[in-house]
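J.: Input my_file20.txt, format and content: compact mmCIF, C-alpha atoms.
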# COMPACT_ATOMS: atom_id res chain seq x y z
CA MET Y 1 108.52 140.58 111.07
CA PRO Y 2 105.75 138.02 111.72
CA SER Y 3 106.65 134.39 111.20
CA PRO Y 4 105.08 132.65 108.21
CA ALA Y 5 101.92 130.67 108.80
CA PRO Y 6 102.52 126.95 109.29
CA ALA Y 7 101.96 124.83 106.21
CA SER Y 8 98.55 123.21 106.05
CA ARG Y 9 98.26 119.54 106.94
CA SER Y 10 94.59 119.29 106.02
CA PRO Y 11 93.88 116.13 104.01
CA TRP Y 12 91.73 118.27 101.70
CA ARG Y 13 94.32 120.97 101.02
CA SER Y 14 94.78 119.92 97.38
CA LEU Y 15 91.13 120.85 96.78
CA ARG Y 16 91.95 124.50 97.38
CA TYR Y 17 92.89 124.62 93.71
CA ARG Y 18 90.08 124.94 91.20
CA SER Y 19 91.60 122.60 88.62
CA MET Y 20 92.14 119.92 91.24
CA ARG Y 21 88.48 120.15 92.22
CA TRP Y 22 87.42 119.68 88.61
CA TRP Y 23 89.91 116.84 88.17
CA SER Y 24 88.50 115.08 91.26
CA VAL Y 25 84.95 115.43 89.95
CA ALA Y 26 86.03 114.03 86.59
CA ASN Y 27 87.77 111.10 88.27
CA PHE Y 28 84.69 110.37 90.37
CA VAL Y 29 82.52 110.24 87.25
CA SER Y 30 85.08 108.07 85.47
CA ASN Y 31 85.42 105.65 88.39
CA ALA Y 32 81.66 105.34 88.73
CA GLY Y 33 81.39 104.52 85.02
CA THR Y 34 84.24 102.01 85.20
CA TRP Y 35 82.65 100.17 88.11
CA MET Y 36 79.29 100.13 86.34
CA GLN Y 37 80.98 98.30 83.47
CA LEU Y 38 83.06 95.98 85.67
CA THR Y 39 79.97 95.02 87.66
CA VAL Y 40 78.14 93.76 84.60
CA GLN Y 41 81.11 92.49 82.58
CA ASN Y 42 81.59 89.26 84.52
CA LEU Y 43 77.85 88.58 84.32
CA LEU Y 44 78.00 89.16 80.57
CA VAL Y 45 80.86 86.67 80.14
CA LEU Y 46 78.99 84.11 82.23
CA HIS Y 47 75.88 84.69 80.11
CA ILE Y 48 77.81 84.15 76.89
CA THR Y 49 79.93 81.17 77.94
CA GLY Y 50 78.47 79.78 81.17
CA SER Y 51 82.06 79.33 82.32
CA ALA Y 52 83.69 80.82 85.41
CA ALA Y 53 87.09 80.06 83.87
CA ALA Y 54 86.22 82.25 80.89
CA THR Y 55 85.40 85.09 83.28
CA GLY Y 56 88.83 84.82 84.81
CA LEU Y 57 90.38 84.69 81.34
CA SER Y 58 88.73 87.97 80.32
CA MET Y 59 90.14 89.67 83.43
CA SER Y 60 93.61 88.26 82.78
CA VAL Y 61 93.58 89.38 79.15
CA GLN Y 62 92.81 92.93 80.24
CA ALA Y 63 95.56 92.87 82.89
CA ALA Y 64 98.22 91.18 80.74
CA PRO Y 65 99.29 94.32 78.81
CA ALA Y 66 100.40 95.88 82.10
CA LEU Y 67 103.07 93.18 82.30
CA PHE Y 68 104.34 93.43 78.74
CA VAL Y 69 103.50 96.94 77.47
CA SER Y 70 103.74 99.19 80.55
CA LEU Y 71 107.36 100.14 79.83
CA LEU Y 72 106.40 101.41 76.39
CA GLY Y 73 103.32 103.11 77.82
CA GLY Y 74 105.44 104.94 80.38
CA ALA Y 75 107.85 106.07 77.67
CA ALA Y 76 104.91 107.41 75.68
CA VAL Y 77 103.76 109.42 78.70
CA ASP Y 78 107.21 111.01 78.99
CA ARG Y 79 107.38 111.69 75.26
CA TRP Y 80 103.94 113.23 74.63
CA PRO Y 81 102.30 116.36 76.12
CA ARG Y 82 100.52 115.28 79.30
CA LYS Y 83 97.11 116.88 78.77
CA LEU Y 84 96.91 115.71 75.17
CA THR Y 85 97.89 112.18 76.20
CA VAL Y 86 95.16 112.01 78.85
CA ALA Y 87 92.50 113.48 76.58
CA VAL Y 88 93.29 111.11 73.70
CA SER Y 89 93.58 107.99 75.90
CA GLN Y 90 90.27 108.80 77.62
CA ALA Y 91 88.59 109.33 74.26
CA LEU Y 92 89.95 105.98 73.00
CA LEU Y 93 88.73 104.18 76.12
CA GLY Y 94 85.34 105.80 75.56
CA ALA Y 95 85.31 104.56 71.96
CA VAL Y 96 86.02 100.99 73.15
CA ALA Y 97 83.19 101.21 75.70
CA PHE Y 98 80.73 102.56 73.10
CA THR Y 99 81.76 99.81 70.65
CA THR Y 100 81.08 97.17 73.30
CA ALA Y 101 77.73 98.78 74.14
CA LEU Y 102 76.70 98.72 70.48
CA LEU Y 103 77.68 95.05 70.04
CA VAL Y 104 75.79 94.10 73.19
CA ALA Y 105 72.70 96.09 72.15
CA LEU Y 106 72.69 94.43 68.71
CA ASP Y 107 73.34 91.00 70.28
CA ARG Y 108 76.49 90.64 68.17
CA ILE Y 109 78.92 90.19 71.06
CA ASP Y 110 80.81 86.94 71.52
CA MET Y 111 83.75 85.79 73.60
CA THR Y 112 86.31 86.54 70.90
CA ALA Y 113 85.12 90.11 70.54
CA LEU Y 114 85.09 90.58 74.31
CA LEU Y 115 88.66 89.33 74.65
CA VAL Y 116 89.87 91.58 71.83
CA LEU Y 117 88.15 94.62 73.37
CA ALA Y 118 89.55 93.73 76.80
CA ALA Y 119 93.07 93.50 75.36
CA VAL Y 120 92.71 96.86 73.59
CA THR Y 121 91.46 98.42 76.84
CA GLY Y 122 94.46 97.01 78.69
CA VAL Y 123 96.92 98.42 76.15
CA ILE Y 124 95.37 101.89 76.28
CA ALA Y 125 95.39 101.75 80.08
CA THR Y 126 99.17 101.33 80.12
CA VAL Y 127 99.36 104.90 78.83
CA ASP Y 128 96.25 106.32 80.47
CA GLY Y 129 97.07 105.18 84.03
CA PRO Y 130 100.44 106.92 84.51
CA ALA Y 131 99.36 109.93 82.43
CA CYS Y 132 96.31 110.56 84.64
CA ALA Y 133 98.31 110.07 87.84
CA LEU Y 134 101.01 112.51 86.79
CA LEU Y 135 98.55 115.06 85.41
CA GLY Y 136 96.85 115.23 88.81
CA ASN Y 137 100.22 115.83 90.48
CA ASP Y 138 101.04 118.57 87.97
CA LEU Y 139 98.05 120.57 89.23
CA VAL Y 140 99.26 121.08 92.82
CA PRO Y 141 102.48 122.09 94.65
CA ALA Y 142 104.82 119.25 95.61
CA ALA Y 143 103.90 119.41 99.30
CA ASP Y 144 100.24 118.85 98.40
CA VAL Y 145 100.83 115.75 96.25
CA PRO Y 146 100.05 113.35 99.18
CA SER Y 147 96.74 115.19 99.62
CA ALA Y 148 95.99 114.79 95.90
CA ILE Y 149 96.77 111.07 96.11
CA GLY Y 150 94.65 110.63 99.25
CA VAL Y 151 91.74 112.49 97.68
CA GLY Y 152 92.15 110.29 94.62
CA ALA Y 153 91.87 107.17 96.79
CA LEU Y 154 88.68 108.49 98.37
CA VAL Y 155 87.28 109.37 94.95
CA HIS Y 156 88.05 105.84 93.78
CA SER Y 157 86.23 104.31 96.76
CA ALA Y 158 83.22 106.59 96.34
CA GLY Y 159 83.09 105.93 92.60
CA ARG Y 160 83.18 102.20 93.24
CA LEU Y 161 80.23 102.36 95.64
CA VAL Y 162 78.15 104.58 93.38
CA GLY Y 163 79.05 102.74 90.18
CA THR Y 164 78.23 99.32 91.64
CA ALA Y 165 74.85 100.59 92.82
CA LEU Y 166 74.03 102.33 89.54
CA ALA Y 167 74.94 99.24 87.53
CA GLY Y 168 72.04 97.27 88.98
CA VAL Y 169 69.61 100.12 88.34
CA ALA Y 170 70.83 100.73 84.79
CA VAL Y 171 70.78 97.06 83.79
CA GLY Y 172 67.37 96.54 85.39
CA PHE Y 173 65.74 99.42 83.46
CA LEU Y 174 67.85 99.83 80.31
CA GLY Y 175 69.75 96.57 79.80
CA THR Y 176 73.40 95.51 79.94
CA ALA Y 177 74.49 97.78 77.09
CA SER Y 178 73.59 100.84 79.16
CA ALA Y 179 76.41 100.18 81.64
CA TYR Y 180 78.98 100.19 78.83
CA ALA Y 181 77.43 103.32 77.29
CA ALA Y 182 77.53 105.08 80.67
CA ASN Y 183 81.21 104.21 81.00
CA GLY Y 184 81.85 105.62 77.53
CA LEU Y 185 80.16 108.88 78.51
CA SER Y 186 82.26 109.04 81.69
CA PHE Y 187 85.47 108.83 79.64
CA LEU Y 188 84.27 111.58 77.31
CA PHE Y 189 83.47 113.76 80.33
CA VAL Y 190 87.06 113.43 81.56
CA ALA Y 191 88.42 114.22 78.09
CA SER Y 192 86.23 117.35 77.94
CA VAL Y 193 87.50 118.59 81.33
CA VAL Y 194 91.23 118.15 80.63
CA PRO Y 195 91.70 121.16 78.27
CA PHE Y 196 90.48 123.53 81.01
CA LEU Y 197 92.86 122.32 83.74
CA ARG Y 198 95.49 124.78 84.89
CA PRO Y 199 98.34 124.28 87.41
CA ALA Y 200 98.21 126.00 90.79
CA PRO Y 201 100.19 129.24 91.19
CA GLY Y 202 103.86 128.43 91.61
CA VAL Y 203 103.84 125.12 89.75
CA ALA Y 204 103.20 126.42 86.24
CA GLU Y 205 106.82 125.75 85.22
CA GLY Y 206 106.57 122.12 86.32
CA PHE Y 207 103.27 121.73 84.52
CA ALA Y 208 104.81 123.11 81.36
CA ALA Y 209 107.60 120.57 81.67
CA GLY Y 210 105.04 117.77 81.61
CA ALA Y 211 103.26 119.29 78.63
CA ARG Y 212 106.25 120.54 76.65
CA ALA Y 213 106.94 119.74 73.05
CA VAL Y 214 108.22 116.30 72.12
CA PRO Y 215 111.87 115.99 73.21
CA ALA Y 216 114.64 114.38 71.22
CA ARG Y 217 113.87 110.74 70.53
CA GLY Y 218 117.28 109.54 71.66
CA GLY Y 219 116.78 110.86 75.19
CA MET Y 220 113.45 109.13 75.85
CA THR Y 221 114.36 105.47 75.77
CA VAL Y 222 112.79 102.72 77.87
CA ARG Y 223 116.28 101.65 78.93
CA GLU Y 224 116.84 105.03 80.56
CA GLY Y 225 113.81 104.48 82.79
CA LEU Y 226 114.88 100.95 83.70
CA SER Y 227 118.41 102.12 84.46
CA PHE Y 228 117.21 104.94 86.67
CA PHE Y 229 114.92 102.62 88.63
CA ALA Y 230 117.58 99.95 89.09
CA ARG Y 231 120.25 102.46 90.23
CA ARG Y 232 117.96 104.36 92.57
CA PRO Y 233 118.25 102.72 96.03
CA ARG Y 234 115.15 104.54 97.26
CA LEU Y 235 112.96 103.06 94.52
CA VAL Y 236 114.49 99.58 94.79
CA ALA Y 237 113.79 99.63 98.53
CA LEU Y 238 110.22 100.79 97.92
CA ALA Y 239 109.70 98.00 95.40
CA SER Y 240 111.10 95.43 97.85
CA ILE Y 241 108.87 96.59 100.71
CA THR Y 242 105.77 96.71 98.54
CA GLY Y 243 106.54 93.37 96.91
CA ILE Y 244 106.99 91.35 100.08
CA SER Y 245 103.99 93.08 101.67
CA SER Y 246 101.82 92.38 98.63
CA VAL Y 247 102.66 88.69 98.57
CA PHE Y 248 102.55 87.88 102.28
CA GLY Y 249 100.54 90.63 103.91
CA ARG Y 250 97.89 92.28 101.76
CA ASN Y 251 95.81 89.46 100.35
CA TYR Y 252 93.31 89.74 103.18
CA GLY Y 253 90.47 88.74 100.90
CA LEU Y 254 92.11 85.31 100.81
CA THR Y 255 93.75 84.87 104.23
CA LEU Y 256 91.00 86.40 106.35
CA ALA Y 257 88.30 84.57 104.39
CA VAL Y 258 89.95 81.25 105.24
CA LEU Y 259 90.57 82.32 108.86
CA VAL Y 260 86.98 83.50 109.43
CA THR Y 261 85.25 80.54 107.79
CA GLY Y 262 87.74 78.00 109.16
CA PRO Y 263 89.35 78.36 112.62
CA LEU Y 264 86.92 81.06 113.75
CA ALA Y 265 83.89 79.08 112.52
CA GLY Y 266 82.19 82.07 110.94
CA GLY Y 267 80.11 82.19 107.78
CA ALA Y 268 79.75 84.40 104.75
CA GLY Y 269 78.02 87.05 106.85
CA ALA Y 270 80.93 87.21 109.28
CA PHE Y 271 83.42 87.64 106.46
CA GLY Y 272 81.18 90.34 104.99
CA THR Y 273 81.48 92.21 108.28
CA VAL Y 274 85.26 91.86 108.20
CA SER Y 275 85.32 93.13 104.61
CA THR Y 276 83.22 96.15 105.58
CA VAL Y 277 85.61 97.02 108.42
CA LEU Y 278 88.53 96.69 105.99
CA ALA Y 279 86.82 99.10 103.60
CA VAL Y 280 86.13 101.62 106.36
CA GLY Y 281 89.75 101.38 107.52
CA GLY Y 282 90.96 101.98 103.98
CA ILE Y 283 88.93 105.18 103.75
CA LEU Y 284 90.17 106.42 107.13
CA GLY Y 285 93.74 105.59 106.10
CA ALA Y 286 93.37 107.55 102.86
CA VAL Y 287 92.29 110.61 104.86
CA LEU Y 288 95.24 110.24 107.26
CA GLY Y 289 97.66 109.61 104.41
CA ALA Y 290 96.49 112.79 102.71
CA ARG Y 291 97.78 114.73 105.74
CA LEU Y 292 101.38 113.75 104.97
CA ARG Y 293 103.68 116.45 103.61
CA LYS Y 294 107.05 114.74 103.16
CA PRO Y 295 106.49 110.99 102.96
CA SER Y 296 109.57 108.80 102.58
CA VAL Y 297 110.51 105.18 102.00
CA ARG Y 298 111.33 104.98 105.71
CA THR Y 299 107.73 105.99 106.46
CA VAL Y 300 106.45 103.30 104.11
CA GLY Y 301 108.71 100.68 105.71
CA VAL Y 302 107.76 101.54 109.29
CA LEU Y 303 104.05 101.47 108.44
CA ALA Y 304 104.38 98.19 106.54
CA ALA Y 305 106.24 96.61 109.47
CA ALA Y 306 103.57 97.86 111.91
CA GLY Y 307 100.85 96.41 109.71
CA ALA Y 308 102.73 93.10 109.56
CA LEU Y 309 102.92 92.89 113.35
CA LEU Y 310 99.18 93.61 113.58
CA GLN Y 311 98.72 90.80 111.07
CA VAL Y 312 100.64 88.43 113.35
CA VAL Y 313 98.35 89.27 116.26
CA ALA Y 314 95.28 88.94 113.99
CA GLY Y 315 96.43 85.47 113.01
CA LEU Y 316 96.33 84.49 116.69
CA SER Y 317 92.84 85.97 117.28
CA PRO Y 318 90.79 83.69 119.54
CA SER Y 319 87.45 85.08 118.32
CA LEU Y 320 85.80 87.08 115.57
CA ALA Y 321 85.33 90.04 117.94
CA VAL Y 322 89.08 90.29 118.57
CA LEU Y 323 89.78 90.00 114.86
CA LEU Y 324 87.41 92.87 114.09
CA VAL Y 325 89.23 95.08 116.60
CA LEU Y 326 92.53 94.37 114.82
CA VAL Y 327 91.27 94.57 111.24
CA LEU Y 328 90.50 98.29 111.41
CA PRO Y 329 94.04 99.47 112.30
CA MET Y 330 95.47 96.95 109.83
CA ALA Y 331 93.49 98.57 107.02
CA VAL Y 332 94.31 102.10 108.19
CA VAL Y 333 98.06 101.41 108.32
CA GLU Y 334 98.01 99.74 104.91
CA SER Y 335 96.16 102.66 103.32
CA VAL Y 336 98.49 105.31 104.81
CA SER Y 337 101.48 103.27 103.66
CA ASP Y 338 100.04 103.06 100.15
CA THR Y 339 99.54 106.83 99.99
CA ALA Y 340 103.08 107.50 101.21
CA GLY Y 341 104.59 105.00 98.77
CA THR Y 342 102.64 106.39 95.81
CA ALA Y 343 103.73 109.93 96.66
CA VAL Y 344 107.40 108.89 96.74
CA LEU Y 345 107.08 106.90 93.52
CA GLN Y 346 105.43 109.73 91.60
CA THR Y 347 107.71 112.54 92.80
CA ASP Y 348 111.16 111.00 93.33
CA PRO Y 349 112.12 110.70 89.62
CA PRO Y 350 112.86 113.88 87.67
CA PRO Y 351 109.89 115.02 85.54
CA HIS Y 352 111.29 113.70 82.26
CA LEU Y 353 111.49 110.14 83.68
CA ARG Y 354 108.32 109.82 85.74
CA GLY Y 355 106.21 108.12 83.08
CA ARG Y 356 108.82 105.43 82.47
CA VAL Y 357 109.34 104.86 86.20
CA LEU Y 358 105.59 104.35 86.61
CA GLY Y 359 105.73 101.96 83.66
CA VAL Y 360 108.44 99.91 85.39
CA TRP Y 361 106.38 99.94 88.57
CA SER Y 362 103.26 98.76 86.75
CA SER Y 363 105.12 95.80 85.27
CA ILE Y 364 106.53 94.83 88.67
CA GLY Y 365 103.12 95.22 90.32
CA THR Y 366 101.52 92.94 87.75
CA VAL Y 367 104.04 90.23 88.61
CA TRP Y 368 103.10 90.57 92.30
CA SER Y 369 99.37 90.47 91.60
CA LEU Y 370 99.69 87.37 89.42
CA GLY Y 371 102.23 85.48 91.52
CA GLY Y 372 101.23 86.53 95.03
CA PRO Y 373 97.94 84.63 95.49
CA PRO Y 374 99.33 81.25 94.37
CA LEU Y 375 102.36 81.61 96.68
CA LEU Y 376 100.14 82.60 99.57
CA GLY Y 377 97.82 79.72 98.79
CA LEU Y 378 100.73 77.28 99.01
CA LEU Y 379 101.75 78.80 102.34
CA MET Y 380 98.22 78.33 103.68
CA GLU Y 381 98.17 74.75 102.45
CA TRP Y 382 101.35 74.13 104.40
CA ALA Y 383 100.76 76.22 107.55
CA GLY Y 384 97.02 76.91 107.60
CA ALA Y 385 95.35 80.32 107.72
CA ARG Y 386 96.73 81.22 111.16
CA GLY Y 387 100.21 80.03 110.27
CA ALA Y 388 100.19 81.96 106.98
CA LEU Y 389 99.19 85.19 108.71
CA VAL Y 390 101.75 84.77 111.49
CA ALA Y 391 104.60 83.56 109.27
CA GLY Y 392 103.86 86.17 106.59
CA GLY Y 393 103.73 88.99 109.13
CA LEU Y 394 106.99 87.93 110.77
CA LEU Y 395 108.67 87.61 107.38
CA ILE Y 396 107.58 91.11 106.37
CA ALA Y 397 108.54 92.77 109.66
CA GLY Y 398 111.85 90.90 109.85
CA SER Y 399 112.82 91.75 106.27
CA ILE Y 400 112.00 95.43 106.68
CA GLY Y 401 113.80 95.59 110.02
CA ALA Y 402 116.89 93.97 108.52
CA GLY Y 403 116.79 96.39 105.60
CA LEU Y 404 116.61 99.40 107.90
CA LEU Y 405 119.58 98.13 109.91
CA VAL Y 406 121.66 97.53 106.78
CA ARG Y 407 120.82 100.98 105.47
CA ARG Y 408 121.71 102.63 108.78
CA ARG Y 409 125.14 100.97 108.76
CA GLY Y 410 125.85 101.64 105.11
CA ALA Y 411 127.03 104.86 103.51
CA PRO Y 412 124.50 106.99 101.64
CA VAL Y 413 124.48 106.62 97.87
CA THR Y 414 124.12 109.69 95.67
CA LEU Y 415 122.88 109.46 92.11
CA THR Y 416 123.46 112.37 89.77
CA LEU Y 417 121.40 112.71 86.61
CA PRO Y 418 121.79 115.21 83.80
CA ALA Y 419 118.93 117.69 83.91
CA LYS Y 420 116.56 117.93 80.95
CA ASP Y 421 115.21 121.21 79.65
CA GLY Y 422 112.13 122.13 81.65
CA ASP Y 423 112.83 119.85 84.65
CA VAL Y 424 111.87 121.40 87.97
CA THR Y 425 114.23 120.11 90.61
CA GLY Y 426 112.36 121.86 93.40
CA ARG Y 427 109.50 119.35 93.15
CA GLU Y 428 111.92 116.58 94.14
CA ALA Y 429 112.24 118.02 97.63
CA LEU Y 430 109.19 116.02 98.65
CA SER Y 431 111.19 112.80 98.73
CA THR Y 432 114.61 113.87 99.97
CA ALA Y 433 114.32 111.83 103.17
CA ALA Y 434 114.29 108.11 102.52
Now that the file is in, can you turn its structure into structure tokens?

T.:
Amino acid sequence: MPSPAPASRSPWRSLRYRSMRWWSVANFVSNAGTWMQLTVQNLLVLHITGSAAATGLSMSVQAAPALFVSLLGGAAVDRWPRKLTVAVSQALLGAVAFTTALLVALDRIDMTALLVLAAVTGVIATVDGPACALLGNDLVPAADVPSAIGVGALVHSAGRLVGTALAGVAVGFLGTASAYAANGLSFLFVASVVPFLRPAPGVAEGFAAGARAVPARGGMTVREGLSFFARRPRLVALASITGISSVFGRNYGLTLAVLVTGPLAGGAGAFGTVSTVLAVGGILGAVLGARLRKPSVRTVGVLAAAGALLQVVAGLSPSLAVLLVLVLPMAVVESVSDTAGTAVLQTDPPPHLRGRVLGVWSSIGTVWSLGGPPLLGLLMEWAGARGALVAGGLLIAGSIGAGLLVRRRGAPVTLTLPAKDGDVTGREALSTAA
């Protein structure tokens, strides 16, 4: 009897499935529309207020719901049918974009209206974000989830480039309102595609679990998601690795900007070159990350530690040329680590808890994004750009190394959860190795 063909490791393997191809096209359109709006939104706030602080306030207002409402948003994703949730949330986001476009076109927009619309967008996004992520995973077999995540990262990058370019063209010919209207159309396009999506052969049961009828209210509490996350060593370890890396190792837009323009005596053009290399490395890393089949927390930790050590060497760079050589692998390692971590996060919980776990993660991530830059800024004030890169890298690598040693010496912890009707335990095999 001939041996079975080896499983594919192609980064594009998730695109073998028709629904995943349509979902990727829809996400590209949506990302392009989103970046068209984001490109002009800050300019619109500056035009209305003339204040840079007001621009920052509008961004914070849109991000704030992720800190306070994400837990409820995740519970809603677990409670409601997945496809319906995505379609409705996309339609609501489209309605907000069209409303903003109309107010701008009629010259009736002011800062209060913008802040209210930004807050509404942020609240809807607490449901839309995890619902879209999990819907994409529902379309492919478990082993192809890393490919789906990697393709999603590439789609996001491509959408950002296209959307930023189209924003200038649209505003130049049609005015600022056109960017908001285009974003509204992009949301409606996604909503129109969702009803036609079908899971790949072999994962129909798991897809049905995500789209099943509303379960009993008592079994879908926010506390259940928090409890699962807190008692799951794998997820706690992932959160710890990502948190310390986010604060001390991933704010390259801040640390490398100070390093390039300070000790390395470069200008804005030099930092632009560094930023371009970072972007290229991120794309290459997304492709490599999509080749993973069974990513684990150990994989994430090893990659994060490797990136931290590269950061240490980058902090000691004697010239811009040396820094550029190091920046590319730094970005590649970070991107692969992100893909692996996202795959573990989205597949480790049982299906009936995944929305709430993503809600917990979103709240934690918002804390990192808000608190990380000020902490890193204080470290740079104390140790300088080189010292911050070196100290931050050593702190990350040392913490991860210590964690791996403690885990190796400790006994494994097993967590048993009662199964819900429709849960597909086979999909959890992706994350059995931590």

J.: Using Å and a single decimal, report how far atom CA of Y:Gly384 sits from atom CA of Y:Leu264.

T.: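 According to the coordinates, atom CA of Y:Leu264 and atom CA of Y:Gly384 are separated by 12.5 Å.
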
J.: Select, from Y:Val203, Y:Ala131, Y:Val45, Y:Val96, the residue with the minimum atom-to-atom distance to Y:Met111, counting all atoms listed in the file.

T.: Y:Val45

J.: Of the candidates Y:Ala402, Y:Val280, Y:Leu254, Y:Leu370, which shows the shortest atom-to-atom distance to Y:Leu328, using all atoms listed in the file?

T.: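 Of Y:Ala402, Y:Val280, Y:Leu254, Y:Leu370, the one nearest Y:Leu328 is Y:Val280, counting all atoms listed in the file.
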
J.: What does the distance from atom CA of Y:Ala308 to atom CA of Y:Val336 come to in Å, to one decimal?

T.: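 Straight-line distance from atom CA of Y:Ala308 to atom CA of Y:Val336 works out to 13.8 Å.
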
J.: Per residue of stretch 22-97 of chain Y within 12 Å of stretch 342-352 of chain Y, record the nearest atom pair and its distance in Å to one decimal, counting all atoms listed in the file, with rows in chain order and ascending residue number, as a tab-separated table.

T.:
residue	atom	partner	partner_atom	distance
Y:Gly74	CA	Y:His352	CA	10.7
Y:Ala75	CA	Y:His352	CA	9.5
Y:Ala76	CA	Y:His352	CA	11.1
Y:Val77	CA	Y:His352	CA	9.4
Y:Asp78	CA	Y:His352	CA	5.9
Y:Arg79	CA	Y:His352	CA	8.3
Y:Trp80	CA	Y:His352	CA	10.6
Y:Pro81	CA	Y:His352	CA	11.2
Y:Arg82	CA	Y:Pro351	CA	11.3
